[in-house]
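Student: So that you have it, the file is coords_3.csv, and it contains CSV, C-alpha atoms:
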```csv
chain,number,residue,atom,x,y,z
V,1,MET,CA,10.2,-20.2,-23.5
V,2,THR,CA,7.9,-22.4,-21.5
V,3,ALA,CA,4.1,-21.7,-21.6
V,4,ILE,CA,2.0,-21.9,-18.5
V,5,ARG,CA,-1.8,-22.4,-18.7
V,6,GLY,CA,-4.4,-22.3,-15.9
V,7,HIS,CA,-7.5,-24.4,-16.0
V,8,VAL,CA,-10.4,-23.6,-13.7
V,9,ILE,CA,-12.6,-26.6,-12.9
V,10,GLU,CA,-15.7,-26.7,-10.7
V,11,LEU,CA,-15.6,-29.0,-7.7
V,12,LYS,CA,-18.5,-31.0,-6.2
V,13,PRO,CA,-17.6,-31.3,-2.5
V,14,ASN,CA,-19.9,-32.9,0.1
V,15,ASN,CA,-20.7,-31.0,3.3
V,16,LYS,CA,-17.6,-32.3,5.1
V,17,GLN,CA,-15.3,-31.3,2.3
V,18,ALA,CA,-17.0,-27.9,1.9
V,19,THR,CA,-16.4,-27.3,5.6
V,20,TYR,CA,-12.8,-28.2,5.2
V,21,PHE,CA,-12.4,-25.7,2.3
V,22,ALA,CA,-14.0,-23.0,4.4
V,23,LYS,CA,-11.6,-23.8,7.2
V,24,ALA,CA,-8.6,-23.7,4.9
V,25,CYS,CA,-9.7,-20.4,3.4
V,26,GLY,CA,-10.1,-19.0,7.0
V,27,VAL,CA,-6.6,-20.2,7.9
V,28,ALA,CA,-5.1,-18.7,4.8
V,29,ARG,CA,-6.8,-15.4,5.5
V,30,LEU,CA,-5.7,-15.4,9.2
V,31,ALA,CA,-2.1,-16.2,8.2
V,32,TYR,CA,-2.0,-13.5,5.6
V,33,ASN,CA,-3.5,-10.9,8.0
V,34,TRP,CA,-1.2,-11.9,10.8
V,35,ALA,CA,1.9,-11.7,8.6
V,36,LEU,CA,0.8,-8.3,7.3
V,37,ALA,CA,0.3,-6.9,10.8
V,38,GLU,CA,3.6,-8.4,12.0
V,39,TRP,CA,5.4,-7.0,8.9
V,40,GLN,CA,4.1,-3.6,9.7
V,41,ARG,CA,5.0,-3.9,13.4
V,42,GLN,CA,8.5,-5.0,12.7
V,43,TYR,CA,9.0,-2.4,10.0
V,44,GLU,CA,7.8,0.4,12.3
V,45,ALA,CA,10.2,-1.0,15.1
V,46,ASP,CA,13.1,-0.8,12.7
V,47,LYS,CA,12.2,2.7,11.7
V,48,ASN,CA,12.0,3.9,15.3
V,49,TYR,CA,15.3,2.3,16.1
V,50,ARG,CA,17.0,3.9,13.1
V,51,ASP,CA,15.5,7.3,14.0
V,52,ASP,CA,16.7,6.9,17.6
V,53,CYS,CA,20.2,6.1,16.5
V,54,LEU,CA,20.3,9.1,14.2
V,55,ALA,CA,19.0,11.3,17.0
V,56,LYS,CA,21.6,10.1,19.5
V,57,ASP,CA,24.3,10.0,16.8
V,58,ILE,CA,25.3,6.4,17.4
V,59,PRO,CA,26.0,3.7,14.8
V,60,ILE,CA,23.1,1.4,13.8
V,61,ASP,CA,23.5,-2.2,14.9
V,62,GLU,CA,22.3,-4.3,12.0
V,63,THR,CA,21.7,-7.3,14.2
V,64,LYS,CA,19.0,-5.4,16.1
V,65,LEU,CA,17.0,-4.8,13.0
V,66,ASN,CA,14.1,-7.2,12.2
V,67,LYS,CA,14.1,-6.7,8.4
V,68,PRO,CA,10.8,-8.5,7.8
V,69,SER,CA,10.5,-10.9,4.9
V,70,GLN,CA,8.1,-13.7,4.0
V,71,GLY,CA,10.7,-16.4,4.9
V,72,LYS,CA,11.2,-15.1,8.4
V,73,LEU,CA,7.5,-14.7,9.0
V,74,ARG,CA,6.8,-18.2,7.9
V,75,LYS,CA,9.4,-19.5,10.4
V,76,GLN,CA,7.9,-17.3,13.1
V,77,LEU,CA,4.4,-18.6,12.4
V,78,ASN,CA,5.6,-22.2,12.5
V,79,SER,CA,7.1,-21.6,15.9
V,80,ILE,CA,3.9,-20.3,17.5
V,81,LYS,CA,1.0,-21.9,15.6
V,82,ARG,CA,0.8,-25.0,17.9
V,83,GLN,CA,0.3,-22.8,20.9
V,84,GLN,CA,-1.6,-19.8,19.5
V,85,PHE,CA,-3.3,-21.3,16.4
V,86,PRO,CA,-3.7,-25.1,16.9
V,87,PHE,CA,-6.6,-25.2,14.5
V,88,MET,CA,-4.1,-24.6,11.6
V,89,LEU,CA,-3.0,-28.2,12.0
V,90,GLU,CA,-6.5,-29.4,10.9
V,91,VAL,CA,-5.9,-28.3,7.3
V,92,THR,CA,-3.0,-28.6,4.8
V,93,LYS,CA,0.2,-26.8,5.7
V,94,CYS,CA,0.2,-25.0,2.3
V,95,SER,CA,-2.8,-22.9,3.4
V,96,PRO,CA,-0.9,-20.6,5.8
V,97,GLN,CA,2.5,-21.0,4.2
V,98,LEU,CA,1.6,-20.0,0.7
V,99,ALA,CA,-0.6,-17.2,1.9
V,100,ILE,CA,2.5,-15.6,3.5
V,101,ILE,CA,4.5,-16.2,0.3
V,102,GLN,CA,1.8,-14.4,-1.6
V,103,LEU,CA,2.1,-11.5,0.9
V,104,GLY,CA,5.8,-11.4,0.1
V,105,ASP,CA,5.1,-11.3,-3.6
V,106,ALA,CA,2.6,-8.5,-3.0
V,107,PHE,CA,5.3,-6.4,-1.2
V,108,LYS,CA,7.7,-7.0,-4.1
V,109,ARG,CA,5.1,-5.7,-6.6
V,110,PHE,CA,4.5,-2.7,-4.3
V,111,PHE,CA,8.2,-1.8,-4.0
V,112,LYS,CA,8.5,-2.0,-7.8
V,113,GLY,CA,5.6,0.4,-8.2
V,114,GLU,CA,3.4,-2.2,-9.9
V,115,SER,CA,0.6,-2.3,-7.3
V,116,LYS,CA,-0.7,-0.6,-4.3
V,117,TYR,CA,0.2,-1.4,-0.7
V,118,PRO,CA,-1.1,-4.8,0.5
V,119,GLN,CA,-4.4,-4.7,2.2
V,120,PHE,CA,-5.9,-7.0,4.9
V,121,ARG,CA,-8.1,-9.8,3.6
V,122,LYS,CA,-11.8,-9.8,4.5
V,123,LYS,CA,-14.0,-12.8,5.2
V,124,GLY,CA,-16.3,-13.7,2.3
V,125,VAL,CA,-14.4,-11.6,-0.2
V,126,ASN,CA,-12.3,-13.8,-2.6
V,127,ASP,CA,-12.0,-16.7,-0.2
V,128,ARG,CA,-9.2,-19.0,-1.4
V,129,PHE,CA,-6.3,-21.1,-0.4
V,130,SER,CA,-3.4,-22.5,-2.5
V,131,LEU,CA,-1.6,-25.9,-2.8
V,132,SER,CA,1.9,-26.6,-4.0
V,133,ASN,CA,2.4,-29.3,-6.7
V,134,ASP,CA,3.4,-32.0,-4.1
V,135,GLN,CA,0.3,-31.5,-2.0
V,136,PHE,CA,-2.4,-32.6,-4.5
V,137,LYS,CA,-2.9,-35.3,-7.1
V,138,LEU,CA,-5.4,-35.9,-9.9
V,139,LYS,CA,-7.0,-39.3,-10.1
V,140,THR,CA,-9.8,-41.0,-12.1
V,141,ILE,CA,-12.1,-43.3,-10.2
V,142,ASN,CA,-15.0,-45.0,-12.1
V,143,ASN,CA,-14.3,-42.8,-15.1
V,144,LYS,CA,-14.8,-39.7,-12.9
V,145,PRO,CA,-12.0,-37.1,-12.3
V,146,HIS,CA,-11.1,-36.3,-8.7
V,147,ILE,CA,-8.5,-34.2,-6.9
V,148,GLN,CA,-6.8,-35.6,-3.8
V,149,ILE,CA,-6.0,-33.0,-1.1
V,150,PRO,CA,-4.1,-33.7,2.2
V,151,ASN,CA,-6.2,-34.3,5.3
V,152,LEU,CA,-9.3,-34.5,3.2
V,153,GLY,CA,-9.1,-37.1,0.5
V,154,LEU,CA,-10.8,-37.2,-2.9
V,155,VAL,CA,-13.0,-34.4,-4.1
V,156,ARG,CA,-15.1,-34.8,-7.3
V,157,MET,CA,-14.3,-32.6,-10.3
V,158,CYS,CA,-16.7,-31.7,-13.0
V,159,GLU,CA,-14.2,-32.3,-15.8
V,160,ASN,CA,-10.7,-33.6,-16.6
V,161,LEU,CA,-7.7,-31.4,-16.8
V,162,ARG,CA,-7.4,-30.3,-20.5
V,163,HIS,CA,-3.7,-29.5,-20.5
V,164,GLN,CA,-0.8,-32.0,-20.6
V,165,GLY,CA,2.4,-31.1,-18.7
V,166,LYS,CA,3.8,-30.6,-15.2
V,167,MET,CA,1.3,-29.3,-12.6
V,168,LEU,CA,2.8,-26.3,-10.8
V,169,SER,CA,0.2,-25.3,-8.2
V,170,ALA,CA,-3.5,-25.3,-7.5
V,171,LYS,CA,-5.8,-22.7,-6.0
V,172,VAL,CA,-9.2,-23.6,-4.4
V,173,PHE,CA,-11.6,-20.7,-4.3
V,174,LYS,CA,-15.3,-19.9,-3.8
V,175,GLN,CA,-17.4,-18.0,-6.3
V,176,GLY,CA,-21.2,-17.7,-6.5
V,177,GLU,CA,-21.5,-20.2,-3.6
V,178,LYS,CA,-19.6,-22.8,-5.7
V,179,TRP,CA,-16.2,-24.2,-5.2
V,180,PHE,CA,-13.5,-24.2,-8.0
V,181,VAL,CA,-9.9,-25.3,-8.4
V,182,SER,CA,-7.5,-23.5,-10.7
V,183,ILE,CA,-4.6,-25.7,-11.7
V,184,ALA,CA,-1.5,-24.1,-13.3
V,185,VAL,CA,0.2,-26.4,-15.8
V,186,GLU,CA,3.6,-26.0,-17.5
V,187,LEU,CA,2.8,-27.3,-21.0
V,188,SER,CA,4.9,-30.2,-22.2
V,189,GLU,CA,4.3,-29.4,-25.9
V,190,VAL,CA,4.6,-26.0,-27.6
V,191,VAL,CA,1.2,-24.9,-28.9
V,192,LYS,CA,1.2,-24.8,-32.7
V,193,PRO,CA,0.6,-21.3,-34.2
V,194,LYS,CA,-2.7,-20.8,-36.1
V,195,PRO,CA,-2.5,-20.7,-39.9
V,196,LYS,CA,-1.8,-17.2,-41.3
V,197,THR,CA,-4.8,-15.5,-43.0
V,198,GLY,CA,-3.0,-12.5,-44.4
V,199,LYS,CA,-5.7,-10.2,-42.9
V,200,HIS,CA,-5.1,-7.2,-40.7
V,201,VAL,CA,-7.8,-5.3,-38.7
V,202,GLY,CA,-8.2,-2.2,-36.6
V,203,LEU,CA,-10.4,-2.4,-33.5
V,204,ASP,CA,-12.2,0.6,-32.0
V,205,LEU,CA,-13.9,0.1,-28.7
V,206,GLY,CA,-17.1,1.8,-27.7
V,207,ILE,CA,-20.2,1.7,-25.5
V,208,THR,CA,-22.9,1.5,-28.1
V,209,ASP,CA,-21.0,-1.1,-30.0
V,210,LEU,CA,-18.3,-2.9,-28.1
V,211,ALA,CA,-16.0,-3.3,-31.1
V,212,THR,CA,-16.0,-1.7,-34.5
V,213,LEU,CA,-13.7,-3.3,-37.0
V,214,SER,CA,-11.9,-1.4,-39.8
V,215,ASP,CA,-13.7,-3.6,-42.4
V,216,GLY,CA,-17.1,-2.1,-41.3
V,217,THR,CA,-18.2,-4.9,-38.9
V,218,LYS,CA,-19.8,-3.8,-35.7
V,219,ILE,CA,-20.1,-6.1,-32.7
V,220,LYS,CA,-22.5,-5.5,-29.9
V,221,ALA,CA,-21.9,-6.8,-26.4
V,222,PRO,CA,-24.5,-8.7,-24.4
V,223,LYS,CA,-24.2,-6.2,-21.5
V,224,PRO,CA,-25.3,-8.7,-18.8
V,225,LEU,CA,-25.1,-6.1,-15.9
V,226,LYS,CA,-27.5,-3.8,-17.8
V,227,HIS,CA,-30.0,-6.6,-18.4
V,228,LYS,CA,-29.8,-8.0,-14.8
V,229,LEU,CA,-29.6,-4.6,-13.1
V,230,LYS,CA,-33.1,-4.5,-11.8
V,231,LYS,CA,-32.9,-8.0,-10.3
V,232,LEU,CA,-29.5,-7.1,-8.8
V,233,GLN,CA,-30.9,-4.0,-7.2
V,234,ARG,CA,-33.9,-5.9,-5.8
V,235,LEU,CA,-31.7,-8.6,-4.3
V,236,SER,CA,-29.3,-6.0,-2.8
V,237,ARG,CA,-32.3,-4.2,-1.2
V,238,GLN,CA,-33.5,-7.5,0.2
V,239,LEU,CA,-30.1,-8.2,1.7
V,240,SER,CA,-29.9,-4.8,3.3
V,241,ARG,CA,-33.2,-5.4,5.1
V,242,LYS,CA,-32.1,-8.7,6.7
V,243,GLN,CA,-30.8,-8.8,10.3
V,244,LYS,CA,-27.1,-9.4,10.5
V,245,GLY,CA,-26.3,-12.9,11.6
V,246,SER,CA,-29.7,-14.3,10.7
V,247,SER,CA,-30.3,-17.3,8.4
V,248,ASN,CA,-32.5,-15.2,6.1
V,249,ARG,CA,-29.5,-12.8,5.6
V,250,THR,CA,-27.3,-15.8,4.6
V,251,LYS,CA,-29.9,-16.9,2.1
V,252,ALA,CA,-30.2,-13.4,0.6
V,253,LYS,CA,-26.5,-13.2,0.4
V,254,THR,CA,-26.3,-16.5,-1.4
V,255,LYS,CA,-28.9,-15.4,-4.0
V,256,LEU,CA,-27.0,-12.1,-4.6
V,257,SER,CA,-23.7,-13.9,-4.9
V,258,ARG,CA,-25.1,-16.4,-7.5
V,259,LEU,CA,-26.4,-13.5,-9.6
V,260,HIS,CA,-23.0,-11.8,-9.6
V,261,TYR,CA,-21.4,-15.1,-10.6
V,262,GLN,CA,-24.0,-15.5,-13.5
V,263,ILE,CA,-23.3,-11.9,-14.7
V,264,GLY,CA,-19.5,-12.6,-14.7
V,265,CYS,CA,-19.9,-15.9,-16.6
V,266,MET,CA,-22.0,-14.3,-19.3
V,267,ARG,CA,-19.4,-11.5,-19.8
V,268,LYS,CA,-16.4,-13.9,-19.8
V,269,ASP,CA,-18.1,-16.3,-22.2
V,270,PHE,CA,-18.8,-13.6,-24.8
V,271,LEU,CA,-15.3,-12.1,-24.5
V,272,HIS,CA,-13.6,-15.5,-24.9
V,273,LYS,CA,-15.7,-16.3,-28.0
V,274,LEU,CA,-15.0,-12.9,-29.5
V,275,THR,CA,-11.3,-12.8,-28.9
V,276,THR,CA,-10.8,-16.4,-30.1
V,277,HIS,CA,-12.7,-15.5,-33.3
V,278,LEU,CA,-10.5,-12.4,-33.9
V,279,ILE,CA,-7.3,-14.3,-33.3
V,280,LYS,CA,-8.3,-17.0,-35.8
V,281,ALA,CA,-9.5,-14.6,-38.4
V,282,TYR,CA,-6.7,-12.0,-38.4
V,283,ASP,CA,-2.9,-12.0,-38.3
V,284,THR,CA,-2.5,-8.5,-36.9
V,285,ILE,CA,-5.0,-6.7,-34.6
V,286,ALA,CA,-4.5,-3.0,-33.9
V,287,ILE,CA,-6.2,-1.7,-30.7
V,288,GLU,CA,-6.4,1.5,-28.7
V,289,ASP,CA,-4.3,2.2,-25.6
V,290,LEU,CA,-7.3,3.2,-23.4
V,291,ASN,CA,-7.0,4.6,-20.0
V,292,VAL,CA,-9.6,2.4,-18.4
V,293,LYS,CA,-8.9,3.6,-14.8
V,294,GLY,CA,-9.5,7.2,-15.9
V,295,MET,CA,-12.6,6.4,-17.9
V,296,VAL,CA,-14.4,4.7,-15.1
V,297,LYS,CA,-14.1,7.9,-13.0
V,298,ASN,CA,-16.8,9.3,-15.2
V,299,ARG,CA,-20.0,8.6,-13.2
V,300,LYS,CA,-22.1,8.6,-16.3
V,301,LEU,CA,-20.0,6.0,-18.1
V,302,SER,CA,-18.4,3.9,-15.4
V,303,ARG,CA,-21.1,1.3,-15.1
V,304,SER,CA,-21.3,0.7,-18.9
V,305,ILE,CA,-17.5,0.5,-19.2
V,306,ASN,CA,-17.2,-2.0,-16.4
V,307,ASP,CA,-20.1,-4.0,-17.9
V,308,LEU,CA,-18.2,-4.2,-21.3
V,309,GLY,CA,-14.9,-5.4,-19.9
V,310,PHE,CA,-12.4,-3.3,-21.9
V,311,TYR,CA,-9.4,-4.4,-19.9
V,312,GLU,CA,-10.3,-8.1,-20.0
V,313,LEU,CA,-10.8,-7.9,-23.8
V,314,LYS,CA,-7.3,-6.5,-24.2
V,315,ARG,CA,-5.8,-9.1,-21.8
V,316,GLN,CA,-7.3,-12.0,-23.6
V,317,LEU,CA,-6.3,-10.7,-27.1
V,318,ILE,CA,-2.6,-10.4,-26.0
V,319,TYR,CA,-2.3,-13.8,-24.3
V,320,LYS,CA,-4.1,-15.6,-27.1
V,321,ALA,CA,-2.0,-13.8,-29.8
V,322,ASN,CA,1.2,-14.9,-28.0
V,323,GLN,CA,-0.2,-18.5,-27.8
V,324,PHE,CA,-1.1,-18.8,-31.5
V,325,GLY,CA,1.6,-16.7,-33.1
V,326,LYS,CA,-0.4,-13.6,-34.0
V,327,THR,CA,0.4,-9.9,-33.4
V,328,ILE,CA,-1.3,-7.2,-31.3
V,329,LYS,CA,-0.4,-3.5,-31.8
V,330,SER,CA,-1.6,-0.4,-30.1
V,331,VAL,CA,-1.8,3.2,-31.2
V,332,ASP,CA,-0.7,6.1,-29.0
V,333,ARG,CA,-3.2,7.0,-26.3
V,334,PHE,CA,-3.5,10.6,-27.4
V,335,TYR,CA,-3.8,10.0,-31.1
V,336,PRO,CA,-7.1,11.6,-32.3
V,337,SER,CA,-8.4,8.5,-34.2
V,338,SER,CA,-12.0,9.8,-34.3
V,339,LYS,CA,-11.2,13.4,-35.4
V,340,THR,CA,-8.8,12.5,-38.2
V,341,CYS,CA,-10.0,11.8,-41.7
V,342,SER,CA,-8.8,8.3,-42.7
V,343,CYS,CA,-8.7,9.4,-46.4
V,344,CYS,CA,-6.8,12.7,-46.4
V,345,GLY,CA,-5.6,13.1,-42.9
V,346,HIS,CA,-7.5,16.3,-42.1
V,347,LYS,CA,-8.2,16.8,-38.4
V,348,VAL,CA,-11.4,18.5,-37.2
V,349,GLU,CA,-11.1,20.7,-34.1
V,350,SER,CA,-14.2,19.4,-32.3
V,351,LEU,CA,-16.3,16.2,-32.6
V,352,PRO,CA,-18.8,15.7,-29.8
V,353,LEU,CA,-19.8,12.1,-28.8
V,354,SER,CA,-23.3,12.6,-30.0
V,355,MET,CA,-22.1,13.1,-33.6
V,356,ARG,CA,-21.9,9.5,-35.0
V,357,LYS,CA,-21.3,10.7,-38.6
V,358,TRP,CA,-19.3,13.6,-39.9
V,359,THR,CA,-18.2,15.0,-43.3
V,360,CYS,CA,-14.5,15.9,-43.9
V,361,GLN,CA,-14.2,19.6,-44.9
V,362,SER,CA,-11.1,18.8,-47.0
V,363,CYS,CA,-12.1,15.9,-49.2
V,364,ASN,CA,-15.9,15.8,-48.5
V,365,THR,CA,-15.8,12.2,-47.4
V,366,VAL,CA,-18.7,11.1,-45.2
V,367,HIS,CA,-17.4,9.1,-42.2
V,368,ASP,CA,-18.9,6.8,-39.7
V,369,ARG,CA,-17.2,7.9,-36.6
V,370,ASP,CA,-16.3,4.4,-35.3
V,371,ILE,CA,-15.3,2.9,-38.6
V,372,ASN,CA,-13.1,5.9,-39.4
V,373,ALA,CA,-11.4,5.5,-36.0
V,374,SER,CA,-10.8,1.8,-36.5
V,375,ILE,CA,-9.2,2.5,-39.9
V,376,ASN,CA,-6.9,5.2,-38.3
V,377,ILE,CA,-6.0,2.8,-35.5
V,378,LEU,CA,-5.0,0.1,-38.0
V,379,ASN,CA,-2.9,2.6,-40.1
V,380,ASN,CA,-1.1,4.3,-37.2
V,381,ALA,CA,-0.6,1.5,-34.6
V,382,THR,CA,3.1,1.0,-34.0
V,383,LYS,CA,3.7,-0.3,-30.5
V,384,VAL,CA,3.8,-4.2,-30.5
V,385,LEU,CA,2.2,-5.7,-27.4
V,386,THR,CA,2.9,-9.3,-28.1
V,387,ILE,CA,6.1,-11.4,-28.0
V,388,THR,CA,8.0,-11.2,-31.3
```
Hey, can you dump this file as structure tokens for me?
Tutor:
Amino acid sequence: MTAIRGHVIELKPNNKQATYFAKACGVARLAYNWALAEWQRQYEADKNYRDDCLAKDIPIDETKLNKPSQGKLRKQLNSIKRQQFPFMLEVTKCSPQLAIIQLGDAFKRFFKGESKYPQFRKKGVNDRFSLSNDQFKLKTINNKPHIQIPNLGLVRMCENLRHQGKMLSAKVFKQGEKWFVSIAVELSEVVKPKPKTGKHVGLDLGITDLATLSDGTKIKAPKPLKHKLKKLQRLSRQLSRKQKGSSNRTKAKTKLSRLHYQIGCMRKDFLHKLTTHLIKAYDTIAIEDLNVKGMVKNRKLSRSINDLGFYELKRQLIYKANQFGKTIKSVDRFYPSSKTCSCCGHKVESLPLSMRKWTCQSCNTVHDRDINASINILNNATKVLTIT
């Protein structure tokens, strides 16, 4: 099985190159939204035709159906873009074409029940455009790495690509008023597994302590959103006061965007360091099958849960375990890990969140709530989440 890795690298474009990136993102957004609107129109036309045929009791002529697909929409856009959208020719052809392909993938996931119905893209929200592997090259000039993009030339990169192998695609996107490129690489060499340690651990996630290990270790999260919340609220108020379309509003929006980017970087940095340490230290890690979507519906806890990044922690553990030959297991979602005594198995009927320590009525063992839960998770985790 081939392994694919993505490497995100910051770009240093000049003003002309940054303008090109903004145009390419705009073209990708326009193509995606046009294709989505056209898909909906053709689908509705097919539905009306079928209903009309059923009402009149006449056979359906398959040749009169549009049957929208990303391939047909790409051809349709190519036939009209020179007349209706001539500015699309100013950027790489991959920008509109791959955007429509991404729409087709979004509909596939929707029909499989894996995601919601595709939504229209908005300007300034996750601006990006993609490149196929034959539309960009990596070069080193004066010992400095660059990426070469059609109709643009060489753009300075902050670091070299770390992975060796076949480059599959690239995505250029904007975040925190900075430009980045994410390059997907099919690794030429299989990553060697980490040496076995013979250790196994259970992991209980919480809000006071992000992770409590079954060996008694408690790990606190930096909670960047909590520490930057006052500044975030102040910048948000300043933005709301600025007149729409003004230069001052643009400046305020830039400051707010940079702060959001800083908060995200702090959270990702901590989670990457934590998950890498756990994968190196333990052969098997048992975790909870948390319903994060349901948990964030609690208004009192939603901000803290989003600040901790439960889903991202689980995602990183699984892909790093697959990469280095370790195992991740999960316990049943409804297993009462906190209420069950890890010594004798006695289960208490009620255990409020405010009670951090409790005594088992059967064996008189005094339990730390989180450590007891992590031990139970380790002993009862059966579902393997990694590739065996």
Student: Separation of atom CA of V:Ile80 and atom CA of V:Tyr20, in Å?
Tutor: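 One can read the atom CA of V:Ile80 to atom CA of V:Tyr20 distance as 22.2 Å.
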Student: Can you tell me, as a PDB file with C-alpha atoms, keeping the file's coordinate frame, what residues are no more than 8 Å from stretch 199-211 of chain V when counting all atoms listed in the file, ignoring any on the same chain fewer than 5 positions away?
Tutor:
```pdb
ATOM      1  CA  LYS V 218     -19.800  -3.800 -35.700  1.00  0.00           C
ATOM      2  CA  ILE V 219     -20.100  -6.100 -32.700  1.00  0.00           C
ATOM      3  CA  LYS V 220     -22.500  -5.500 -29.900  1.00  0.00           C
ATOM      4  CA  ALA V 221     -21.900  -6.800 -26.400  1.00  0.00           C
ATOM      5  CA  ALA V 281      -9.500 -14.600 -38.400  1.00  0.00           C
ATOM      6  CA  TYR V 282      -6.700 -12.000 -38.400  1.00  0.00           C
ATOM      7  CA  ASP V 283      -2.900 -12.000 -38.300  1.00  0.00           C
ATOM      8  CA  THR V 284      -2.500  -8.500 -36.900  1.00  0.00           C
ATOM      9  CA  ILE V 285      -5.000  -6.700 -34.600  1.00  0.00           C
ATOM     10  CA  ALA V 286      -4.500  -3.000 -33.900  1.00  0.00           C
ATOM     11  CA  ILE V 287      -6.200  -1.700 -30.700  1.00  0.00           C
ATOM     12  CA  GLU V 288      -6.400   1.500 -28.700  1.00  0.00           C
ATOM     13  CA  SER V 304     -21.300   0.700 -18.900  1.00  0.00           C
ATOM     14  CA  ILE V 305     -17.500   0.500 -19.200  1.00  0.00           C
ATOM     15  CA  LEU V 308     -18.200  -4.200 -21.300  1.00  0.00           C
ATOM     16  CA  PHE V 310     -12.400  -3.300 -21.900  1.00  0.00           C
ATOM     17  CA  ASP V 370     -16.300   4.400 -35.300  1.00  0.00           C
ATOM     18  CA  ILE V 371     -15.300   2.900 -38.600  1.00  0.00           C
ATOM     19  CA  ALA V 373     -11.400   5.500 -36.000  1.00  0.00           C
ATOM     20  CA  SER V 374     -10.800   1.800 -36.500  1.00  0.00           C
ATOM     21  CA  ILE V 375      -9.200   2.500 -39.900  1.00  0.00           C
ATOM     22  CA  ASN V 376      -6.900   5.200 -38.300  1.00  0.00           C
ATOM     23  CA  ILE V 377      -6.000   2.800 -35.500  1.00  0.00           C
ATOM     24  CA  LEU V 378      -5.000   0.100 -38.000  1.00  0.00           C
ATOM     25  CA  ASN V 379      -2.900   2.600 -40.100  1.00  0.00           C
TER      26      ASN V 379
END
```
Student: Quick one: pull the distance between atom CA of V:Leu154 and atom CA of V:Met167, Å, one decimal.
Tutor: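 Straight-line distance from atom CA of V:Leu154 to atom CA of V:Met167 works out to 17.4 Å.
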Student: Please work out which residues fall within 12 Å of (-5.0, -31.9, -8.0), coordinates as given in the file, with all atoms listed in the file counting, and return them as an MDAnalysis selection string.
Tutor: chainID V and resid 7:9 11 130:140 145:150 153:157 160:161 166:172 180:185
Student: Looking at V:Leu229, V:Phe324, V:Ser240, V:Ala252, which one is nearest to V:Asp307, with distances taken over all atoms listed in the file?
Tutor: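 Answer, going by the shortest atom-to-atom distance: V:Leu229.
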Student: Using all atoms listed in the file for the distances, tell me which of V:Leu259, V:Arg82, V:Ala35, V:Lys47 is nearest to V:His227.
Tutor: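 That would be V:Leu259, the residue with the smallest distance to V:His227.
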Student: Using all atoms listed in the file for the distances, tell me which of V:Gly176, V:Pro59, V:Gly294, V:Pro224 is nearest to V:Gly124.
Tutor: V:Gly176
Student: Report the distance between atom CA of V:Lys194 and atom CA of V:Leu290 in Å, rounded to one decimal place.
Tutor: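 Calculated distance between atom CA of V:Lys194 and atom CA of V:Leu290 is 27.5 Å.
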Student: Check the smallest atom-to-atom distance from each of V:Gly165, V:Lys12, V:Gly345, V:Gln40 to V:Lys67 using all atoms listed in the file, then report the winner.
Tutor: V:Gln40
Student: At a cut-off of 8 Å from (8.2, -14.3, 5.1) in the coordinates of the file, what residues are picked up using all atoms listed in the file, written as a PDB file with C-alpha atoms, in the frame of the given file?
Tutor:
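To be explicit, this is the file written out as result-v9.pdb:
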```
ATOM      1  CA  ALA V  35       1.900 -11.700   8.600  1.00  0.00           C
ATOM      2  CA  PRO V  68      10.800  -8.500   7.800  1.00  0.00           C
ATOM      3  CA  SER V  69      10.500 -10.900   4.900  1.00  0.00           C
ATOM      4  CA  GLN V  70       8.100 -13.700   4.000  1.00  0.00           C
ATOM      5  CA  GLY V  71      10.700 -16.400   4.900  1.00  0.00           C
ATOM      6  CA  LYS V  72      11.200 -15.100   8.400  1.00  0.00           C
ATOM      7  CA  LEU V  73       7.500 -14.700   9.000  1.00  0.00           C
ATOM      8  CA  ARG V  74       6.800 -18.200   7.900  1.00  0.00           C
ATOM      9  CA  LYS V  75       9.400 -19.500  10.400  1.00  0.00           C
ATOM     10  CA  ILE V 100       2.500 -15.600   3.500  1.00  0.00           C
ATOM     11  CA  ILE V 101       4.500 -16.200   0.300  1.00  0.00           C
ATOM     12  CA  LEU V 103       2.100 -11.500   0.900  1.00  0.00           C
ATOM     13  CA  GLY V 104       5.800 -11.400   0.100  1.00  0.00           C
TER      14      GLY V 104
END
```
Student: Between V:Phe173, V:Gln316, V:Gln233, V:Asn298, which residue has the minimum interatomic distance to V:Lys273, considering all atoms listed in the file?
Tutor: V:Gln316
Student: Let me make sure I understand: among V:His346, V:His367, V:Lys383, V:Lys293, which one has the smallest atom-to-atom distance to V:Lys329 if we use only C-alpha atoms?
Tutor: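 Ranked by minimum distance to V:Lys329, first place goes to V:Lys383.
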Student: Can you tell me which residues surround V:Pro96 at a distance of at most 6 Å, considering all atoms listed in the file, apart from same-chain residues fewer than 2 positions away, and format the answer as a PyMOL selection string?
Tutor: chain V and resi 28+31+94+98-99
